[in-house]
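Asks: Pasting work.tsv here (TSV, N, CA and C atoms):
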```
chain	number	residue	atom	x	y	z
S	9	MET	N	-23.25	10.54	-57.89
S	9	MET	CA	-21.81	10.66	-57.99
S	9	MET	C	-21.26	11.18	-56.67
S	10	ILE	N	-20.17	10.60	-56.23
S	10	ILE	CA	-19.54	11.01	-54.98
S	10	ILE	C	-18.55	12.14	-55.26
S	11	SER	N	-18.55	13.13	-54.40
S	11	SER	CA	-17.68	14.29	-54.62
S	11	SER	C	-16.23	13.95	-54.23
S	12	ARG	N	-15.32	14.75	-54.73
S	12	ARG	CA	-13.90	14.57	-54.39
S	12	ARG	C	-13.69	14.77	-52.88
S	13	MET	N	-14.41	15.69	-52.28
S	13	MET	CA	-14.29	15.91	-50.83
S	13	MET	C	-14.78	14.69	-50.06
S	14	ASP	N	-15.84	14.06	-50.54
S	14	ASP	CA	-16.33	12.84	-49.90
S	14	ASP	C	-15.31	11.71	-50.04
S	15	LEU	N	-14.68	11.62	-51.20
S	15	LEU	CA	-13.64	10.60	-51.40
S	15	LEU	C	-12.47	10.83	-50.45
S	16	LEU	N	-12.08	12.09	-50.27
S	16	LEU	CA	-11.00	12.41	-49.34
S	16	LEU	C	-11.42	12.07	-47.91
S	17	ASP	N	-12.65	12.38	-47.57
S	17	ASP	CA	-13.18	12.05	-46.24
S	17	ASP	C	-13.12	10.54	-46.00
S	18	LEU	N	-13.52	9.77	-46.99
S	18	LEU	CA	-13.49	8.32	-46.87
S	18	LEU	C	-12.05	7.82	-46.75
S	19	ALA	N	-11.15	8.36	-47.54
S	19	ALA	CA	-9.73	7.98	-47.45
S	19	ALA	C	-9.17	8.29	-46.06
S	20	ARG	N	-9.54	9.43	-45.51
S	20	ARG	CA	-9.07	9.81	-44.16
S	20	ARG	C	-9.63	8.86	-43.10
S	21	LYS	N	-10.86	8.41	-43.29
S	21	LYS	CA	-11.46	7.46	-42.36
S	21	LYS	C	-10.74	6.11	-42.43
S	22	ILE	N	-10.40	5.69	-43.63
S	22	ILE	CA	-9.64	4.44	-43.78
S	22	ILE	C	-8.29	4.58	-43.10
S	23	GLU	N	-7.60	5.70	-43.36
S	23	GLU	CA	-6.30	5.95	-42.73
S	23	GLU	C	-6.42	5.92	-41.21
S	24	ALA	N	-7.42	6.58	-40.67
S	24	ALA	CA	-7.60	6.63	-39.21
S	24	ALA	C	-7.86	5.24	-38.64
S	25	ASN	N	-8.65	4.43	-39.33
S	25	ASN	CA	-8.93	3.09	-38.85
S	25	ASN	C	-7.72	2.17	-38.95
S	26	LEU	N	-6.91	2.37	-39.98
S	26	LEU	CA	-5.66	1.61	-40.08
S	26	LEU	C	-4.75	1.94	-38.90
S	27	LYS	N	-4.60	3.23	-38.63
S	27	LYS	CA	-3.73	3.65	-37.53
S	27	LYS	C	-4.28	3.20	-36.17
S	28	LYS	N	-5.58	3.24	-36.02
S	28	LYS	CA	-6.20	2.81	-34.77
S	28	LYS	C	-5.89	1.33	-34.49
S	29	GLU	N	-5.86	0.52	-35.54
S	29	GLU	CA	-5.55	-0.91	-35.40
S	29	GLU	C	-4.21	-1.14	-34.71
S	30	PHE	N	-3.24	-0.26	-34.96
S	30	PHE	CA	-1.88	-0.44	-34.44
S	30	PHE	C	-1.56	0.49	-33.27
S	31	GLU	N	-2.56	1.19	-32.79
S	31	GLU	CA	-2.36	2.16	-31.72
S	31	GLU	C	-1.74	1.53	-30.46
S	32	LEU	N	-2.26	0.41	-30.05
S	32	LEU	CA	-1.81	-0.21	-28.80
S	32	LEU	C	-0.82	-1.35	-29.01
S	33	VAL	N	-0.98	-2.11	-30.09
S	33	VAL	CA	-0.14	-3.28	-30.32
S	33	VAL	C	0.65	-3.08	-31.61
S	34	HIS	N	1.95	-2.83	-31.45
S	34	HIS	CA	2.84	-2.68	-32.59
S	34	HIS	C	4.28	-2.87	-32.12
S	35	LEU	N	5.16	-3.13	-33.07
S	35	LEU	CA	6.57	-3.30	-32.72
S	35	LEU	C	7.26	-1.94	-32.69
S	36	SER	N	7.37	-1.30	-33.83
S	36	SER	CA	8.07	-0.01	-33.89
S	36	SER	C	7.14	1.15	-34.23
S	37	GLY	N	5.96	0.85	-34.77
S	37	GLY	CA	5.06	1.90	-35.23
S	37	GLY	C	5.32	2.30	-36.67
S	38	ASN	N	6.28	1.65	-37.32
S	38	ASN	CA	6.65	1.99	-38.69
S	38	ASN	C	5.47	1.87	-39.65
S	39	LEU	N	4.71	0.80	-39.54
S	39	LEU	CA	3.59	0.60	-40.47
S	39	LEU	C	2.61	1.76	-40.37
S	40	MET	N	2.15	2.07	-39.16
S	40	MET	CA	1.15	3.13	-39.03
S	40	MET	C	1.75	4.51	-39.29
S	41	ASP	N	3.04	4.69	-39.01
S	41	ASP	CA	3.67	5.99	-39.22
S	41	ASP	C	3.90	6.31	-40.69
S	42	THR	N	3.91	5.28	-41.54
S	42	THR	CA	4.19	5.52	-42.96
S	42	THR	C	2.93	5.56	-43.82
S	43	ILE	N	1.76	5.35	-43.25
S	43	ILE	CA	0.52	5.40	-44.03
S	43	ILE	C	0.33	6.81	-44.58
S	44	GLN	N	-0.06	6.87	-45.84
S	44	GLN	CA	-0.27	8.18	-46.46
S	44	GLN	C	-1.42	8.13	-47.46
S	45	ILE	N	-2.03	9.28	-47.65
S	45	ILE	CA	-3.09	9.43	-48.64
S	45	ILE	C	-2.47	10.11	-49.86
S	46	ILE	N	-2.64	9.47	-51.01
S	46	ILE	CA	-2.04	9.99	-52.24
S	46	ILE	C	-3.16	10.36	-53.22
S	47	PRO	N	-3.21	11.62	-53.63
S	47	PRO	CA	-4.23	12.03	-54.60
S	47	PRO	C	-3.96	11.40	-55.97
S	48	SER	N	-5.04	11.12	-56.67
S	48	SER	CA	-4.93	10.64	-58.05
S	48	SER	C	-5.99	11.36	-58.88
S	49	GLU	N	-5.99	11.12	-60.15
S	49	GLU	CA	-6.94	11.78	-61.04
S	49	GLU	C	-8.39	11.42	-60.68
S	50	ASN	N	-8.60	10.17	-60.27
S	50	ASN	CA	-9.95	9.69	-59.98
S	50	ASN	C	-10.32	9.67	-58.50
S	51	GLY	N	-9.42	10.09	-57.64
S	51	GLY	CA	-9.72	10.05	-56.21
S	51	GLY	C	-8.47	10.06	-55.38
S	52	PHE	N	-8.37	9.08	-54.49
S	52	PHE	CA	-7.24	9.01	-53.56
S	52	PHE	C	-6.87	7.56	-53.31
S	53	TYR	N	-5.59	7.34	-53.09
S	53	TYR	CA	-5.09	6.04	-52.67
S	53	TYR	C	-4.68	6.15	-51.22
S	54	VAL	N	-4.97	5.12	-50.45
S	54	VAL	CA	-4.43	5.04	-49.10
S	54	VAL	C	-3.28	4.05	-49.21
S	55	ASP	N	-2.07	4.56	-49.09
S	55	ASP	CA	-0.86	3.76	-49.28
S	55	ASP	C	-0.29	3.36	-47.92
S	56	ILE	N	0.13	2.10	-47.83
S	56	ILE	CA	0.75	1.58	-46.62
S	56	ILE	C	2.14	1.07	-47.00
S	57	PRO	N	3.14	1.97	-47.08
S	57	PRO	CA	4.46	1.55	-47.52
S	57	PRO	C	5.08	0.48	-46.62
S	58	ALA	N	5.04	0.67	-45.33
S	58	ALA	CA	5.59	-0.29	-44.37
S	58	ALA	C	6.88	-0.92	-44.90
S	59	ASP	N	7.83	-0.08	-45.24
S	59	ASP	CA	9.10	-0.57	-45.79
S	59	ASP	C	9.82	-1.45	-44.78
S	60	MET	N	10.40	-2.54	-45.30
S	60	MET	CA	11.17	-3.46	-44.47
S	60	MET	C	12.34	-2.72	-43.82
S	61	TYR	N	12.60	-3.08	-42.58
S	61	TYR	CA	13.74	-2.48	-41.88
S	61	TYR	C	14.48	-3.56	-41.10
S	62	ASP	N	15.70	-3.23	-40.72
S	62	ASP	CA	16.56	-4.18	-40.02
S	62	ASP	C	16.08	-4.35	-38.58
S	63	LEU	N	15.53	-5.53	-38.30
S	63	LEU	CA	14.97	-5.79	-36.97
S	63	LEU	C	16.04	-5.79	-35.89
S	64	GLN	N	17.20	-6.33	-36.19
S	64	GLN	CA	18.26	-6.38	-35.17
S	64	GLN	C	18.67	-4.98	-34.75
S	65	THR	N	18.79	-4.07	-35.72
S	65	THR	CA	19.12	-2.68	-35.40
S	65	THR	C	18.02	-2.06	-34.56
S	66	TRP	N	16.76	-2.37	-34.88
S	66	TRP	CA	15.65	-1.85	-34.10
S	66	TRP	C	15.73	-2.36	-32.65
S	67	PHE	N	15.96	-3.66	-32.48
S	67	PHE	CA	16.03	-4.23	-31.13
S	67	PHE	C	17.24	-3.70	-30.36
S	68	ASP	N	18.37	-3.55	-31.02
S	68	ASP	CA	19.60	-3.11	-30.35
S	68	ASP	C	19.61	-1.62	-30.05
S	69	LYS	N	19.15	-0.81	-31.01
S	69	LYS	CA	19.31	0.64	-30.89
S	69	LYS	C	18.01	1.43	-30.90
S	70	GLY	N	16.89	0.76	-31.22
S	70	GLY	CA	15.61	1.47	-31.32
S	70	GLY	C	15.55	2.41	-32.50
S	71	VAL	N	16.35	2.11	-33.53
S	71	VAL	CA	16.43	2.95	-34.71
S	71	VAL	C	15.97	2.13	-35.93
S	72	ILE	N	15.17	2.75	-36.78
S	72	ILE	CA	14.71	2.10	-37.99
S	72	ILE	C	15.69	2.39	-39.12
S	73	VAL	N	16.26	1.31	-39.66
S	73	VAL	CA	17.15	1.40	-40.82
S	73	VAL	C	16.52	0.55	-41.91
S	74	TYR	N	16.03	1.21	-42.95
S	74	TYR	CA	15.34	0.51	-44.03
S	74	TYR	C	16.32	-0.34	-44.83
S	75	THR	N	15.84	-1.50	-45.27
S	75	THR	CA	16.69	-2.45	-46.00
S	75	THR	C	16.47	-2.43	-47.51
S	76	GLY	N	15.38	-1.81	-47.96
S	76	GLY	CA	15.09	-1.79	-49.40
S	76	GLY	C	14.52	-3.10	-49.92
S	77	ASP	N	14.04	-3.95	-49.02
S	77	ASP	CA	13.53	-5.27	-49.39
S	77	ASP	C	12.02	-5.31	-49.58
S	78	GLY	N	11.40	-4.17	-49.83
S	78	GLY	CA	9.96	-4.16	-50.06
S	78	GLY	C	9.17	-3.81	-48.81
S	79	SER	N	7.91	-4.24	-48.80
S	79	SER	CA	6.97	-3.92	-47.75
S	79	SER	C	6.51	-5.17	-47.01
S	80	TYR	N	6.18	-4.99	-45.75
S	80	TYR	CA	5.64	-6.11	-44.97
S	80	TYR	C	4.15	-5.92	-44.65
S	81	ALA	N	3.52	-4.91	-45.22
S	81	ALA	CA	2.13	-4.59	-44.90
S	81	ALA	C	1.18	-5.74	-45.22
S	82	GLU	N	1.32	-6.36	-46.38
S	82	GLU	CA	0.42	-7.45	-46.76
S	82	GLU	C	0.67	-8.70	-45.92
S	83	GLU	N	1.92	-8.94	-45.58
S	83	GLU	CA	2.23	-10.11	-44.74
S	83	GLU	C	1.58	-9.96	-43.37
S	84	VAL	N	1.62	-8.76	-42.81
S	84	VAL	CA	0.95	-8.51	-41.52
S	84	VAL	C	-0.55	-8.72	-41.69
S	85	ASN	N	-1.12	-8.28	-42.80
S	85	ASN	CA	-2.54	-8.46	-43.06
S	85	ASN	C	-2.90	-9.95	-43.10
S	86	LYS	N	-2.01	-10.77	-43.64
S	86	LYS	CA	-2.27	-12.21	-43.77
S	86	LYS	C	-2.09	-12.96	-42.45
S	87	VAL	N	-0.98	-12.69	-41.75
S	87	VAL	CA	-0.65	-13.51	-40.56
S	87	VAL	C	-0.81	-12.78	-39.24
S	88	GLY	N	-1.03	-11.48	-39.28
S	88	GLY	CA	-1.27	-10.74	-38.05
S	88	GLY	C	-0.06	-10.10	-37.42
S	89	GLY	N	1.10	-10.19	-38.07
S	89	GLY	CA	2.33	-9.62	-37.51
S	89	GLY	C	2.89	-10.49	-36.40
S	90	PHE	N	3.89	-9.98	-35.70
S	90	PHE	CA	4.50	-10.74	-34.61
S	90	PHE	C	3.50	-11.07	-33.52
S	91	SER	N	2.56	-10.18	-33.28
S	91	SER	CA	1.56	-10.39	-32.22
S	91	SER	C	0.43	-11.31	-32.65
S	92	LYS	N	0.32	-11.53	-33.96
S	92	LYS	CA	-0.77	-12.35	-34.54
S	92	LYS	C	-2.15	-11.72	-34.32
S	93	THR	N	-2.20	-10.43	-34.01
S	93	THR	CA	-3.48	-9.78	-33.71
S	93	THR	C	-4.02	-8.91	-34.85
S	94	HIS	N	-3.27	-8.77	-35.93
S	94	HIS	CA	-3.66	-7.82	-36.98
S	94	HIS	C	-4.14	-8.49	-38.27
S	95	THR	N	-4.52	-9.74	-38.21
S	95	THR	CA	-5.00	-10.45	-39.39
S	95	THR	C	-6.23	-9.75	-39.97
S	96	GLY	N	-6.19	-9.46	-41.27
S	96	GLY	CA	-7.33	-8.82	-41.93
S	96	GLY	C	-7.52	-7.36	-41.58
S	97	TYR	N	-6.47	-6.70	-41.09
S	97	TYR	CA	-6.61	-5.31	-40.65
S	97	TYR	C	-7.02	-4.37	-41.79
S	98	VAL	N	-6.57	-4.64	-43.01
S	98	VAL	CA	-6.90	-3.76	-44.13
S	98	VAL	C	-8.39	-3.81	-44.43
S	99	GLU	N	-8.90	-5.02	-44.60
S	99	GLU	CA	-10.33	-5.17	-44.90
S	99	GLU	C	-11.20	-4.61	-43.78
S	100	TYR	N	-10.79	-4.85	-42.54
S	100	TYR	CA	-11.56	-4.34	-41.40
S	100	TYR	C	-11.59	-2.81	-41.39
S	101	ALA	N	-10.44	-2.19	-41.66
S	101	ALA	CA	-10.37	-0.72	-41.67
S	101	ALA	C	-11.25	-0.14	-42.77
S	102	ILE	N	-11.27	-0.79	-43.93
S	102	ILE	CA	-12.09	-0.31	-45.04
S	102	ILE	C	-13.57	-0.45	-44.72
S	103	LYS	N	-13.97	-1.61	-44.23
S	103	LYS	CA	-15.39	-1.82	-43.87
S	103	LYS	C	-15.84	-0.83	-42.81
S	104	THR	N	-15.03	-0.65	-41.80
S	104	THR	CA	-15.38	0.27	-40.72
S	104	THR	C	-15.51	1.70	-41.24
S	105	ALA	N	-14.57	2.11	-42.08
S	105	ALA	CA	-14.60	3.46	-42.65
S	105	ALA	C	-15.85	3.67	-43.51
S	106	ILE	N	-16.19	2.69	-44.31
S	106	ILE	CA	-17.39	2.80	-45.15
S	106	ILE	C	-18.63	2.93	-44.28
S	107	ASN	N	-18.72	2.11	-43.25
S	107	ASN	CA	-19.88	2.19	-42.35
S	107	ASN	C	-19.96	3.55	-41.65
S	108	GLU	N	-18.82	4.09	-41.20
S	108	GLU	CA	-18.81	5.41	-40.58
S	108	GLU	C	-19.26	6.48	-41.57
S	109	PHE	N	-18.74	6.39	-42.78
S	109	PHE	CA	-19.08	7.36	-43.83
S	109	PHE	C	-20.58	7.33	-44.13
S	110	LEU	N	-21.11	6.12	-44.32
S	110	LEU	CA	-22.54	5.99	-44.62
S	110	LEU	C	-23.40	6.52	-43.49
S	111	LYS	N	-23.02	6.22	-42.26
S	111	LYS	CA	-23.78	6.68	-41.10
S	111	LYS	C	-23.78	8.21	-41.04
S	112	GLU	N	-22.61	8.82	-41.24
S	112	GLU	CA	-22.52	10.28	-41.21
S	112	GLU	C	-23.37	10.93	-42.30
S	113	LYS	N	-23.46	10.28	-43.45
S	113	LYS	CA	-24.22	10.82	-44.58
S	113	LYS	C	-25.69	10.45	-44.52
S	114	GLY	N	-26.06	9.64	-43.53
S	114	GLY	CA	-27.45	9.21	-43.41
S	114	GLY	C	-27.86	8.25	-44.51
S	115	LEU	N	-26.90	7.49	-45.03
S	115	LEU	CA	-27.16	6.56	-46.12
S	115	LEU	C	-27.20	5.13	-45.60
S	116	LYS	N	-27.86	4.28	-46.35
S	116	LYS	CA	-27.93	2.86	-46.01
S	116	LYS	C	-27.56	2.04	-47.24
S	117	VAL	N	-27.01	0.89	-46.99
S	117	VAL	CA	-26.63	-0.01	-48.08
S	117	VAL	C	-27.83	-0.88	-48.40
S	118	LYS	N	-28.15	-0.94	-49.69
S	118	LYS	CA	-29.30	-1.73	-50.13
S	118	LYS	C	-29.01	-3.22	-50.01
S	119	GLU	N	-27.78	-3.60	-50.39
S	119	GLU	CA	-27.40	-5.01	-50.33
S	119	GLU	C	-25.99	-5.09	-49.78
S	120	TYR	N	-25.78	-5.93	-48.79
S	120	TYR	CA	-24.48	-6.07	-48.17
S	120	TYR	C	-23.72	-7.21	-48.81
S	121	VAL	N	-22.51	-6.96	-49.22
S	121	VAL	CA	-21.67	-8.00	-49.82
S	121	VAL	C	-20.45	-8.17	-48.93
S	122	GLU	N	-20.21	-9.37	-48.46
S	122	GLU	CA	-19.04	-9.66	-47.63
S	122	GLU	C	-17.79	-9.62	-48.47
S	123	ILE	N	-16.77	-8.96	-47.98
S	123	ILE	CA	-15.49	-8.89	-48.69
S	123	ILE	C	-14.71	-10.16	-48.41
```
The structure given in the file should be rewritten as structure tokens.
Replies:
Amino acid sequence: MISRMDLLDLARKIEANLKKEFELVHLSGNLMDTIQIIPSENGFYVDIPADMYDLQTWFDKGVIVYTGDGSYAEEVNKVGGFSKTHTGYVEYAIKTAINEFLKEKGLKVKEYVEI
């Protein structure tokens, strides 16, 4: 059984890898700035709100004004964002975090399954 502290450690690793993905290439930084870890009864959720915002206001004034039209996080995951460089960023961050966690714990995976 994995401990709650280990689950939090893994969630933090996922969060760090998500943020690292957008460290150099991003439009406003909104996606990485809104990532949060949310505790739950069974562990933790890594939430990527990435709320939609008015792009014209961002380009004109450098200010984020949310539109209430949902999130663009999954769309960036699918198409890579405006730069086209972030395709599959969620899966990559999770895989990387799991590998880091296993290495730190001195554990090995018996069977590897591609996501």
Asks: Expressed in Å to a single decimal, how great is the separation between atom C of Val71 of chain S and atom N of Ile102 of chain S?
Replies: 28.5 Å
Asks: Which value, in Å to one decimal, gives the distance between atom CA of Lys28 of chain S and atom CA of Met40 of chain S?
Replies: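 Interatomic distance, atom CA of Lys28 of chain S to atom CA of Met40 of chain S: 8.5 Å.
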Asks: Can you work out the spacing between atom C of Glu49 of chain S and atom C of Arg20 of chain S in Å, to one decimal?
Replies: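 A separation of 17.8 Å between them.
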Asks: So, with only N, CA and C atoms as the atoms that count, which of S:Asp55, S:Glu29, S:Trp66, S:Ser11 lies closest to His94 of chain S?
Replies: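 For His94 of chain S, the nearest of the given residues is S:Glu29.
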Asks: As a list in words, please: all residues of chain S that backbone DSSP puts in strand (DSSP E).
Replies: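 Filtering chain S to strand (DSSP E) leaves Gln44, Ile45, Ile46, Pro47, Ser48, Gly51, Phe52, Tyr53, Val54, Asp55, Asp59, Met60, Tyr61, Tyr74, Thr75, Gly76, Asp77, Gly78 and Ser79 of chain S.
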